[in-house]
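Asker: Handing over entry-v7.pdb, PDB, C-alpha atoms.
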ATOM      1  CA  MET A  32      32.401  -1.012  25.307
ATOM      2  CA  ALA A  33      28.626  -1.013  25.794
ATOM      3  CA  ALA A  34      26.629  -3.822  24.226
ATOM      4  CA  SER A  35      24.558  -2.984  21.151
ATOM      5  CA  PRO A  36      20.863  -2.420  21.846
ATOM      6  CA  VAL A  37      18.484  -5.329  21.325
ATOM      7  CA  VAL A  38      15.969  -4.986  18.468
ATOM      8  CA  LEU A  39      13.098  -7.401  17.912
ATOM      9  CA  VAL A  40      12.436  -8.147  14.230
ATOM     10  CA  HIS A  41       9.477  -9.801  12.561
ATOM     11  CA  ARG A  42       9.875 -10.758   8.913
ATOM     12  CA  PRO A  43       8.655 -13.477   6.545
ATOM     13  CA  PRO A  44      11.372 -16.108   5.991
ATOM     14  CA  LYS A  45      12.345 -14.832   2.537
ATOM     15  CA  MET A  46      12.368 -11.127   3.456
ATOM     16  CA  THR A  47      16.033 -10.928   4.427
ATOM     17  CA  TYR A  48      16.854  -7.597   2.791
ATOM     18  CA  MET A  49      17.317  -5.758   6.091
ATOM     19  CA  ASP A  50      19.224  -8.447   8.007
ATOM     20  CA  GLU A  51      22.788  -7.374   7.308
ATOM     21  CA  LEU A  52      22.217  -3.669   7.844
ATOM     22  CA  LEU A  53      20.447  -4.149  11.178
ATOM     23  CA  SER A  54      22.874  -6.812  12.393
ATOM     24  CA  ARG A  55      25.825  -4.466  11.923
ATOM     25  CA  ASN A  56      24.270  -1.984  14.336
ATOM     26  CA  PHE A  57      22.130  -3.941  16.820
ATOM     27  CA  GLN A  58      21.593  -7.278  18.496
ATOM     28  CA  ILE A  59      18.773  -8.791  16.477
ATOM     29  CA  LEU A  60      16.090 -11.104  17.841
ATOM     30  CA  ASN A  61      14.067 -12.668  15.026
ATOM     31  CA  ILE A  62      10.524 -13.669  15.954
ATOM     32  CA  PRO A  63       9.985 -17.406  15.379
ATOM     33  CA  THR A  64       7.777 -18.379  12.461
ATOM     34  CA  SER A  65       5.510 -20.556  14.612
ATOM     35  CA  PRO A  66       2.774 -18.400  16.220
ATOM     36  CA  GLU A  67       2.318 -20.950  19.023
ATOM     37  CA  SER A  68       5.817 -20.268  20.315
ATOM     38  CA  LEU A  69       5.568 -16.483  20.126
ATOM     39  CA  PRO A  70       4.338 -15.762  23.707
ATOM     40  CA  ILE A  71       7.046 -18.007  25.177
ATOM     41  CA  PHE A  72       9.718 -16.388  23.026
ATOM     42  CA  LEU A  73       8.606 -12.887  23.955
ATOM     43  CA  SER A  74       8.363 -13.648  27.675
ATOM     44  CA  ARG A  75      11.951 -14.899  27.575
ATOM     45  CA  HIS A  76      13.255 -11.630  26.125
ATOM     46  CA  ALA A  77      10.568  -9.097  27.076
ATOM     47  CA  SER A  78      12.580  -7.019  29.523
ATOM     48  CA  SER A  79      15.351  -6.277  26.999
ATOM     49  CA  ILE A  80      13.166  -5.351  24.016
ATOM     50  CA  ARG A  81      12.702  -1.593  23.636
ATOM     51  CA  ALA A  82      12.433  -1.485  19.834
ATOM     52  CA  PHE A  83      10.543  -3.688  17.374
ATOM     53  CA  VAL A  84      10.902  -3.692  13.568
ATOM     54  CA  ASN A  85       7.822  -5.087  11.825
ATOM     55  CA  ILE A  86       8.709  -6.089   8.260
ATOM     56  CA  ARG A  87       5.550  -6.603   6.229
ATOM     57  CA  ARG A  88       2.287  -6.525   8.155
ATOM     58  CA  LEU A  89       2.184  -8.625  11.309
ATOM     59  CA  LYS A  90      -0.912  -7.569  13.246
ATOM     60  CA  ILE A  91       0.172  -5.509  16.237
ATOM     61  CA  ASP A  92      -2.697  -5.580  18.727
ATOM     62  CA  ALA A  93      -3.061  -5.070  22.452
ATOM     63  CA  ASP A  94      -2.555  -8.771  23.133
ATOM     64  CA  LEU A  95       0.813  -8.904  21.380
ATOM     65  CA  LEU A  96       1.913  -5.630  22.953
ATOM     66  CA  SER A  97       1.043  -6.989  26.399
ATOM     67  CA  HIS A  98       3.955  -9.418  25.990
ATOM     68  CA  LEU A  99       6.342  -6.503  25.420
ATOM     69  CA  PRO A 100       6.225  -4.430  28.615
ATOM     70  CA  SER A 101       9.471  -2.557  27.871
ATOM     71  CA  LEU A 102       8.651  -1.662  24.269
ATOM     72  CA  GLN A 103       9.072   2.019  23.416
ATOM     73  CA  LEU A 104       9.380   2.059  19.611
ATOM     74  CA  LEU A 105       7.580   0.208  16.811
ATOM     75  CA  VAL A 106       9.200   0.593  13.386
ATOM     76  CA  CYS A 107       6.818  -0.321  10.549
ATOM     77  CA  THR A 108       8.156  -0.887   7.042
ATOM     78  CA  SER A 109       4.782  -0.116   5.473
ATOM     79  CA  VAL A 110       3.303   3.312   4.869
ATOM     80  CA  GLY A 111      -0.121   2.275   6.144
ATOM     81  CA  THR A 112      -0.600   1.389   9.796
ATOM     82  CA  ASP A 113      -4.081  -0.147   9.658
ATOM     83  CA  HIS A 114      -2.558  -3.372  11.066
ATOM     84  CA  VAL A 115      -1.397  -1.567  14.221
ATOM     85  CA  ASP A 116      -3.505  -0.739  17.282
ATOM     86  CA  LEU A 117      -2.421   2.895  17.375
ATOM     87  CA  ALA A 118      -4.719   3.689  20.295
ATOM     88  CA  GLU A 119      -2.990   1.055  22.420
ATOM     89  CA  CYS A 120       0.416   2.350  21.342
ATOM     90  CA  LYS A 121      -0.624   5.833  22.400
ATOM     91  CA  ARG A 122      -1.931   4.555  25.738
ATOM     92  CA  ARG A 123       1.330   2.725  26.357
ATOM     93  CA  GLY A 124       3.520   5.607  25.179
ATOM     94  CA  ILE A 125       4.990   3.546  22.326
ATOM     95  CA  ALA A 126       6.257   5.660  19.421
ATOM     96  CA  VAL A 127       5.465   4.379  15.918
ATOM     97  CA  THR A 128       7.264   5.090  12.653
ATOM     98  CA  ASN A 129       6.351   4.112   9.105
ATOM     99  CA  ALA A 130       7.986   3.948   5.675
ATOM    100  CA  GLY A 131       7.434   7.628   5.012
ATOM    101  CA  ASP A 132       8.337   8.440   1.400
ATOM    102  CA  ALA A 133      10.589   5.409   0.927
ATOM    103  CA  TYR A 134       8.259   3.747  -1.585
ATOM    104  CA  SER A 135       6.607   6.781  -3.134
ATOM    105  CA  GLU A 136       8.370   6.929  -6.498
ATOM    106  CA  ASP A 137       8.051   3.221  -7.224
ATOM    107  CA  VAL A 138       4.381   3.113  -6.221
ATOM    108  CA  ALA A 139       3.694   6.124  -8.441
ATOM    109  CA  ASP A 140       5.472   4.404 -11.344
ATOM    110  CA  CYS A 141       3.396   1.265 -10.767
ATOM    111  CA  ALA A 142       0.135   3.220 -10.708
ATOM    112  CA  VAL A 143       0.925   4.800 -14.072
ATOM    113  CA  GLY A 144       1.998   1.413 -15.432
ATOM    114  CA  LEU A 145      -1.283  -0.155 -14.342
ATOM    115  CA  LEU A 146      -3.262   2.652 -15.965
ATOM    116  CA  ILE A 147      -1.437   2.320 -19.282
ATOM    117  CA  SER A 148      -1.769  -1.470 -19.131
ATOM    118  CA  VAL A 149      -5.539  -1.291 -18.568
ATOM    119  CA  LEU A 150      -6.292   1.337 -21.188
ATOM    120  CA  ARG A 151      -3.984  -0.055 -23.873
ATOM    121  CA  ARG A 152      -4.872  -3.667 -22.891
ATOM    122  CA  ILE A 153      -1.219  -4.691 -22.888
ATOM    123  CA  PRO A 154      -1.511  -7.902 -20.797
ATOM    124  CA  ALA A 155      -4.577  -9.032 -22.774
ATOM    125  CA  ALA A 156      -2.753  -8.337 -26.054
ATOM    126  CA  GLY A 157       0.168 -10.410 -24.824
ATOM    127  CA  ARG A 158      -2.130 -13.336 -24.025
ATOM    128  CA  TYR A 159      -3.749 -12.984 -27.462
ATOM    129  CA  LEU A 160      -0.368 -13.165 -29.162
ATOM    130  CA  ARG A 161       0.949 -16.078 -27.072
ATOM    131  CA  ALA A 162      -2.213 -18.078 -27.770
ATOM    132  CA  GLY A 163      -1.491 -17.849 -31.490
ATOM    133  CA  LYS A 164      -4.605 -15.783 -32.173
ATOM    134  CA  TRP A 165      -2.861 -12.970 -34.029
ATOM    135  CA  GLY A 166      -2.116 -15.168 -37.036
ATOM    136  CA  LYS A 167      -5.453 -16.991 -36.876
ATOM    137  CA  LEU A 168      -7.900 -14.215 -35.994
ATOM    138  CA  GLY A 169      -6.115 -11.069 -37.111
ATOM    139  CA  ASP A 170      -5.419  -7.857 -35.248
ATOM    140  CA  PHE A 171      -6.199  -7.465 -31.557
ATOM    141  CA  GLN A 172      -8.931  -5.052 -30.488
ATOM    142  CA  LEU A 173      -8.174  -1.354 -30.228
ATOM    143  CA  GLY A 174      -6.819   0.093 -27.012
ATOM    144  CA  ILE A 175      -7.868   3.368 -25.403
ATOM    145  CA  LYS A 176      -5.891   6.608 -25.504
ATOM    146  CA  VAL A 177      -4.107   7.548 -22.258
ATOM    147  CA  SER A 178      -3.161  11.118 -23.121
ATOM    148  CA  GLY A 179      -5.669  13.754 -22.105
ATOM    149  CA  LYS A 180      -7.624  11.546 -19.709
ATOM    150  CA  ARG A 181      -9.296  13.186 -16.729
ATOM    151  CA  VAL A 182      -7.725  11.560 -13.669
ATOM    152  CA  GLY A 183      -9.036  11.952 -10.127
ATOM    153  CA  ILE A 184      -6.613  11.090  -7.354
ATOM    154  CA  LEU A 185      -7.961   9.958  -4.008
ATOM    155  CA  GLY A 186      -5.288  10.949  -1.512
ATOM    156  CA  LEU A 187      -2.934  13.689  -2.702
ATOM    157  CA  GLY A 188      -0.055  12.907  -0.365
ATOM    158  CA  SER A 189       3.481  12.002  -1.385
ATOM    159  CA  ILE A 190       2.451   9.126  -3.659
ATOM    160  CA  GLY A 191      -0.604  10.882  -5.083
ATOM    161  CA  SER A 192       1.423  13.996  -5.908
ATOM    162  CA  LEU A 193       4.033  11.942  -7.757
ATOM    163  CA  ILE A 194       1.318  10.134  -9.724
ATOM    164  CA  ALA A 195      -0.191  13.498 -10.679
ATOM    165  CA  LYS A 196       3.209  14.807 -11.791
ATOM    166  CA  ARG A 197       3.797  11.769 -13.995
ATOM    167  CA  LEU A 198       0.343  11.906 -15.566
ATOM    168  CA  GLU A 199       0.644  15.608 -16.299
ATOM    169  CA  SER A 200       3.374  14.589 -18.752
ATOM    170  CA  PHE A 201       0.680  12.663 -20.648
ATOM    171  CA  GLY A 202      -1.482  15.754 -20.823
ATOM    172  CA  CYS A 203      -3.905  14.317 -18.295
ATOM    173  CA  ILE A 204      -6.230  16.683 -16.439
ATOM    174  CA  ILE A 205      -5.712  16.130 -12.716
ATOM    175  CA  SER A 206      -8.180  16.625  -9.868
ATOM    176  CA  TYR A 207      -8.254  15.225  -6.360
ATOM    177  CA  ASN A 208     -10.059  14.450  -3.146
ATOM    178  CA  SER A 209      -8.176  14.495   0.129
ATOM    179  CA  THR A 210      -8.857  15.023   3.813
ATOM    180  CA  SER A 211      -8.875  18.758   3.082
ATOM    181  CA  GLN A 212      -8.287  21.110   0.179
ATOM    182  CA  LYS A 213      -4.652  22.100  -0.308
ATOM    183  CA  PRO A 214      -4.443  25.868  -0.946
ATOM    184  CA  SER A 215      -1.042  25.591  -2.621
ATOM    185  CA  ILE A 216      -2.290  23.027  -5.180
ATOM    186  CA  ALA A 217      -3.809  24.250  -8.450
ATOM    187  CA  TYR A 218      -5.625  20.994  -9.263
ATOM    188  CA  GLN A 219      -9.421  20.963  -9.072
ATOM    189  CA  TYR A 220     -10.577  19.788  -5.631
ATOM    190  CA  TYR A 221     -13.721  17.702  -5.101
ATOM    191  CA  PRO A 222     -15.053  17.508  -1.535
ATOM    192  CA  ASP A 223     -16.398  13.958  -1.905
ATOM    193  CA  VAL A 224     -15.507  10.820  -3.828
ATOM    194  CA  VAL A 225     -18.816  10.588  -5.709
ATOM    195  CA  SER A 226     -18.245  13.976  -7.359
ATOM    196  CA  LEU A 227     -14.592  13.071  -8.005
ATOM    197  CA  ALA A 228     -15.705   9.925  -9.841
ATOM    198  CA  ALA A 229     -18.489  11.676 -11.744
ATOM    199  CA  ASN A 230     -16.069  14.226 -13.192
ATOM    200  CA  ASN A 231     -13.249  11.904 -14.215
ATOM    201  CA  ASP A 232     -12.407   9.062 -16.573
ATOM    202  CA  VAL A 233     -10.061   7.417 -14.061
ATOM    203  CA  ILE A 234      -9.778   7.395 -10.294
ATOM    204  CA  VAL A 235      -6.503   6.437  -8.628
ATOM    205  CA  LEU A 236      -6.599   5.263  -5.015
ATOM    206  CA  CYS A 237      -3.543   5.988  -2.889
ATOM    207  CA  CYS A 238      -4.931   7.180   0.440
ATOM    208  CA  VAL A 239      -4.567   5.507   3.833
ATOM    209  CA  LEU A 240      -7.006   2.849   4.997
ATOM    210  CA  ASN A 241      -8.830   3.664   8.217
ATOM    211  CA  ASP A 242     -12.372   3.587   9.568
ATOM    212  CA  GLN A 243     -13.295   6.646   7.489
ATOM    213  CA  THR A 244     -11.875   5.355   4.188
ATOM    214  CA  ARG A 245     -12.850   1.670   4.335
ATOM    215  CA  HIS A 246     -15.067   0.971   1.285
ATOM    216  CA  ILE A 247     -14.888   4.638   0.364
ATOM    217  CA  VAL A 248     -15.234   3.446  -3.238
ATOM    218  CA  ASN A 249     -18.646   1.803  -3.114
ATOM    219  CA  ARG A 250     -21.346   1.009  -5.677
ATOM    220  CA  GLU A 251     -22.479   4.637  -5.850
ATOM    221  CA  VAL A 252     -18.958   5.823  -6.641
ATOM    222  CA  MET A 253     -18.531   3.183  -9.345
ATOM    223  CA  GLU A 254     -21.858   4.051 -10.947
ATOM    224  CA  SER A 255     -20.793   7.707 -10.931
ATOM    225  CA  LEU A 256     -17.519   6.773 -12.634
ATOM    226  CA  GLY A 257     -19.487   5.091 -15.392
ATOM    227  CA  LYS A 258     -19.184   2.340 -17.966
ATOM    228  CA  ASN A 259     -15.961   3.692 -19.489
ATOM    229  CA  GLY A 260     -14.364   4.567 -16.163
ATOM    230  CA  VAL A 261     -11.250   2.905 -14.759
ATOM    231  CA  ILE A 262     -10.154   2.345 -11.151
ATOM    232  CA  ILE A 263      -6.465   2.068 -10.233
ATOM    233  CA  ASN A 264      -5.733   0.931  -6.667
ATOM    234  CA  VAL A 265      -2.208   1.077  -5.223
ATOM    235  CA  GLY A 266      -3.426   1.987  -1.731
ATOM    236  CA  ARG A 267      -5.166  -0.767   0.235
ATOM    237  CA  GLY A 268      -7.680  -3.355  -0.896
ATOM    238  CA  GLY A 269     -10.162  -2.289   1.767
ATOM    239  CA  LEU A 270     -10.587   1.116   0.137
ATOM    240  CA  ILE A 271     -12.921  -0.570  -2.364
ATOM    241  CA  ASP A 272     -16.030  -2.615  -1.732
ATOM    242  CA  GLU A 273     -14.454  -5.529  -3.564
ATOM    243  CA  LYS A 274     -17.613  -7.608  -3.993
ATOM    244  CA  GLU A 275     -19.404  -4.675  -5.612
ATOM    245  CA  MET A 276     -16.378  -3.911  -7.761
ATOM    246  CA  VAL A 277     -16.379  -7.453  -9.133
ATOM    247  CA  LYS A 278     -20.081  -7.135 -10.009
ATOM    248  CA  CYS A 279     -19.494  -3.773 -11.651
ATOM    249  CA  LEU A 280     -16.625  -5.119 -13.752
ATOM    250  CA  VAL A 281     -18.485  -8.265 -14.797
ATOM    251  CA  HIS A 282     -21.664  -6.386 -15.746
ATOM    252  CA  GLY A 283     -19.988  -3.407 -17.425
ATOM    253  CA  VAL A 284     -20.916  -0.790 -14.848
ATOM    254  CA  ILE A 285     -17.277   0.373 -15.003
ATOM    255  CA  GLY A 286     -14.812  -0.080 -17.837
ATOM    256  CA  GLY A 287     -11.765  -1.586 -16.150
ATOM    257  CA  ALA A 288      -9.422  -1.768 -13.185
ATOM    258  CA  GLY A 289      -5.730  -2.014 -12.367
ATOM    259  CA  LEU A 290      -5.309  -3.563  -8.924
ATOM    260  CA  ASP A 291      -2.149  -4.059  -6.888
ATOM    261  CA  VAL A 292      -3.990  -4.607  -3.598
ATOM    262  CA  PHE A 293      -6.970  -6.675  -2.426
ATOM    263  CA  GLU A 294      -9.257  -6.934   0.583
ATOM    264  CA  LYS A 295      -8.201 -10.374   1.819
ATOM    265  CA  GLU A 296      -4.657 -10.826   0.553
ATOM    266  CA  PRO A 297      -3.367 -13.131  -0.759
ATOM    267  CA  GLN A 298      -6.893 -14.185  -1.776
ATOM    268  CA  VAL A 299      -8.102 -12.577  -5.018
ATOM    269  CA  PRO A 300     -11.645 -12.939  -6.425
ATOM    270  CA  GLU A 301     -11.441 -15.570  -9.157
ATOM    271  CA  GLU A 302     -14.013 -13.712 -11.242
ATOM    272  CA  LEU A 303     -11.297 -11.174 -12.045
ATOM    273  CA  PHE A 304      -8.949 -13.706 -13.638
ATOM    274  CA  GLY A 305     -10.828 -14.009 -16.916
ATOM    275  CA  LEU A 306     -11.490 -10.301 -17.464
ATOM    276  CA  ASP A 307      -9.344  -8.690 -20.165
ATOM    277  CA  ASN A 308     -10.189  -5.220 -18.852
ATOM    278  CA  VAL A 309      -8.556  -5.959 -15.482
ATOM    279  CA  VAL A 310      -4.819  -5.927 -14.736
ATOM    280  CA  LEU A 311      -3.719  -7.616 -11.521
ATOM    281  CA  SER A 312      -0.495  -7.386  -9.518
ATOM    282  CA  PRO A 313       0.271  -9.236  -6.236
ATOM    283  CA  HIS A 314       0.911  -6.173  -4.026
ATOM    284  CA  THR A 315       4.262  -5.497  -5.653
ATOM    285  CA  ALA A 316       4.071  -1.742  -6.265
ATOM    286  CA  VAL A 317       6.778  -1.234  -3.635
ATOM    287  CA  ALA A 318       8.852  -4.256  -4.636
ATOM    288  CA  THR A 319      12.021  -2.885  -6.202
ATOM    289  CA  PRO A 320      15.597  -3.034  -4.887
ATOM    290  CA  GLY A 321      15.617   0.759  -4.667
ATOM    291  CA  SER A 322      12.532   0.875  -2.451
ATOM    292  CA  LEU A 323      13.850  -1.871  -0.174
ATOM    293  CA  ASP A 324      17.160  -0.008   0.188
ATOM    294  CA  ASN A 325      15.250   3.184   1.009
ATOM    295  CA  VAL A 326      13.078   1.608   3.689
ATOM    296  CA  SER A 327      16.056  -0.227   5.215
ATOM    297  CA  GLU A 328      17.997   3.016   5.562
ATOM    298  CA  LEU A 329      14.933   4.759   6.992
ATOM    299  CA  ALA A 330      14.340   2.000   9.556
ATOM    300  CA  LEU A 331      17.987   2.196  10.591
ATOM    301  CA  ALA A 332      17.835   5.983  10.877
ATOM    302  CA  ASN A 333      14.724   5.784  13.080
ATOM    303  CA  LEU A 334      16.358   3.190  15.324
ATOM    304  CA  LYS A 335      19.544   5.215  15.656
ATOM    305  CA  ALA A 336      17.546   8.339  16.430
ATOM    306  CA  PHE A 337      15.547   6.497  19.091
ATOM    307  CA  PHE A 338      18.559   5.000  20.864
ATOM    308  CA  SER A 339      20.308   8.408  20.731
ATOM    309  CA  ASN A 340      17.284  10.265  22.148
ATOM    310  CA  GLN A 341      16.943  12.250  18.902
ATOM    311  CA  PRO A 342      13.717  13.092  17.009
ATOM    312  CA  LEU A 343      12.382  10.228  14.915
ATOM    313  CA  ILE A 344      12.636  10.557  11.142
ATOM    314  CA  SER A 345       9.179   9.318  10.075
ATOM    315  CA  PRO A 346       6.893   9.338  13.128
ATOM    316  CA  VAL A 347       3.233   8.363  12.863
ATOM    317  CA  ARG A 348       0.683  10.617  14.531
ATOM    318  CA  LEU A 349      -1.185   8.639  17.180
ATOM    319  CA  ASP A 350      -4.064  11.063  17.753
TER     320      ASP A 350
END
Could the structure of this file be written out as C-alpha cells, please?

Answerer:
Amino acid sequence: MAASPVVLVHRPPKMTYMDELLSRNFQILNIPTSPESLPIFLSRHASSIRAFVNIRRLKIDADLLSHLPSLQLLVCTSVGTDHVDLAECKRRGIAVTNAGDAYSEDVADCAVGLLISVLRRIPAAGRYLRAGKWGKLGDFQLGIKVSGKRVGILGLGSIGSLIAKRLESFGCIISYNSTSQKPSIAYQYYPDVVSLAANNDVIVLCCVLNDQTRHIVNREVMESLGKNGVIINVGRGGLIDEKEMVKCLVHGVIGGAGLDVFEKEPQVPEELFGLDNVVLSPHTAVATPGSLDNVSELALANLKAFFSNQPLISPVRLD
C-alpha cells in the first residue's frame, strides 16, 4: 500500500479545525511556530513537499518559496491572495487555490448585520442601556431606517451578489461597481467608485485587494458619499485609506462605518473606539462553524484533485 502524500500545513496554534480531516487523508507536516526555525524545518523536508495548505494568511513570498523546490500546489483558505506572490508562483509553475465561495453566505450575512447595526445604532444602544443611562437620561437617540436605502456594492462577485440579494428584501435600491459591467445584471452600474458613492447612501466593500484597488476608497470617495453616508467593509482593510476614513468619521464628513477588516490587523485606530456611529468586528465575518466546514472540505477536494491529476476545484488565475 502506497504511503499517503505529504502535505505541509501552516496554521495558528488555535486553528485546529482542519487537522482531523487532513490527517485522515495525508501525512501532515505542521510548520513550527518559531519563524527562526522555519528554514531549517523546510530544508529537512523540502524534497517531499508538493502541496502546502496555508491556513490564515502567512506571507508567501519568493524567499519562502525558495525553500520549497518541489512545491506544486498552494492551497489558501482565504478568498483574497494579496499575501501571496502570485507572479513567483506562476514563474515556478505552482498552482494556487483559494476559498472560492466557502465563506460567501456568512460574509454576506455579516455585511448586512453591520449595516443594520450602524444605522439602527444597536451596539451604542446596548452600551447606553448597560451604563444605566436609560433610566437616568431617558430614551436613546433615534436610529436610521434601513429599508429603501440606496446601496452601492463595490465588487459584485459571489459575496457582493449575496449581499445585494439580502438587501433587496429590505427594499434597498442596489447599484454596483466592478471590474466590468455585467450584462446579465439589472442593477445600475457605475464605472468608477466616486460616482458610485455620490449616488448612494451606503457603499459596501467586498472586492479583492490588489495594486489597483488599494485605497480605492479615498478622501474624494468619502466626500462624495457625504455626511449621512455609511461605509461597510467586509473585504480587506487596505481597500480604504484608513487614516482619511478616521478623519472623515471624527469630523462628520461621512455618517458612519461598519468595519470587519483593517489595514494593519490586529491593530485598529483607537480613535474609532469612542465613536457611536462606528461598529467594529475583529475580522470575523467568515468565522462560523459552517464556513470552516466548507473551507475544510474545499481544501481537501483541491488536494485530492491535485494528487489524482484532476482539475482543481477553486483555482486562482495567475495572470

Asker: Report as a list in words the full result of the PyMOL selection byres ((chain A and resi 292-298) around 6) when it is applied to this structure.

Answerer: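 Those residues are Arg267, Gly268, Gly269, Leu290, Asp291, Val299 and His314 of chain A.
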
Asker: Could you pull the residues within 7 Å of Asp232 in chain A, counting only C-alpha atoms, minus those fewer than 4 positions along the same chain, as a ChimeraX atom specification?

Answerer: /A:180-182,256,260-261

Asker: In Å to one decimal, how far is CA of Gln58 in chain A from CA of Ser35 in chain A?

Answerer: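 It comes out at 5.9 Å.
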
Asker: Report as a list in words the residues that result from applying the PyMOL selection byres ((chain A and resi 73) around 10) to the structure here.

Answerer: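 Selected by the PyMOL selection byres ((chain A and resi 73) around 10) in this file: Leu39, Leu60, Ile62, Pro63, Ser68, Leu69, Pro70, Ile71, Phe72, Ser74, Arg75, His76, Ala77, Ser78, Ser79, Ile80, Leu95, Leu96, Ser97, His98, Leu99 and Pro100 of chain A.
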
Asker: Could you please determine the separation between CA of Val115 in chain A and CA of Asn85 in chain A in Å, to one decimal place?

Answerer: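 That distance, rounded to one decimal, is 10.2 Å.
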
Asker: Provide the CA of Tyr218 in chain A to CA of Leu198 in chain A distance in Å, to one decimal place.

Answerer: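 That distance, rounded to one decimal, is 12.6 Å.
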
Asker: Can you tell me, as a list in words, what residues are no more than 7 Å from range 175-179 of chain A when counting only C-alpha atoms, ignoring any on the same chain fewer than 4 positions away?

Answerer: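 Those residues are Ile147, Leu150, Arg151, Phe201, Gly202, Cys203 and Ile204 of chain A.
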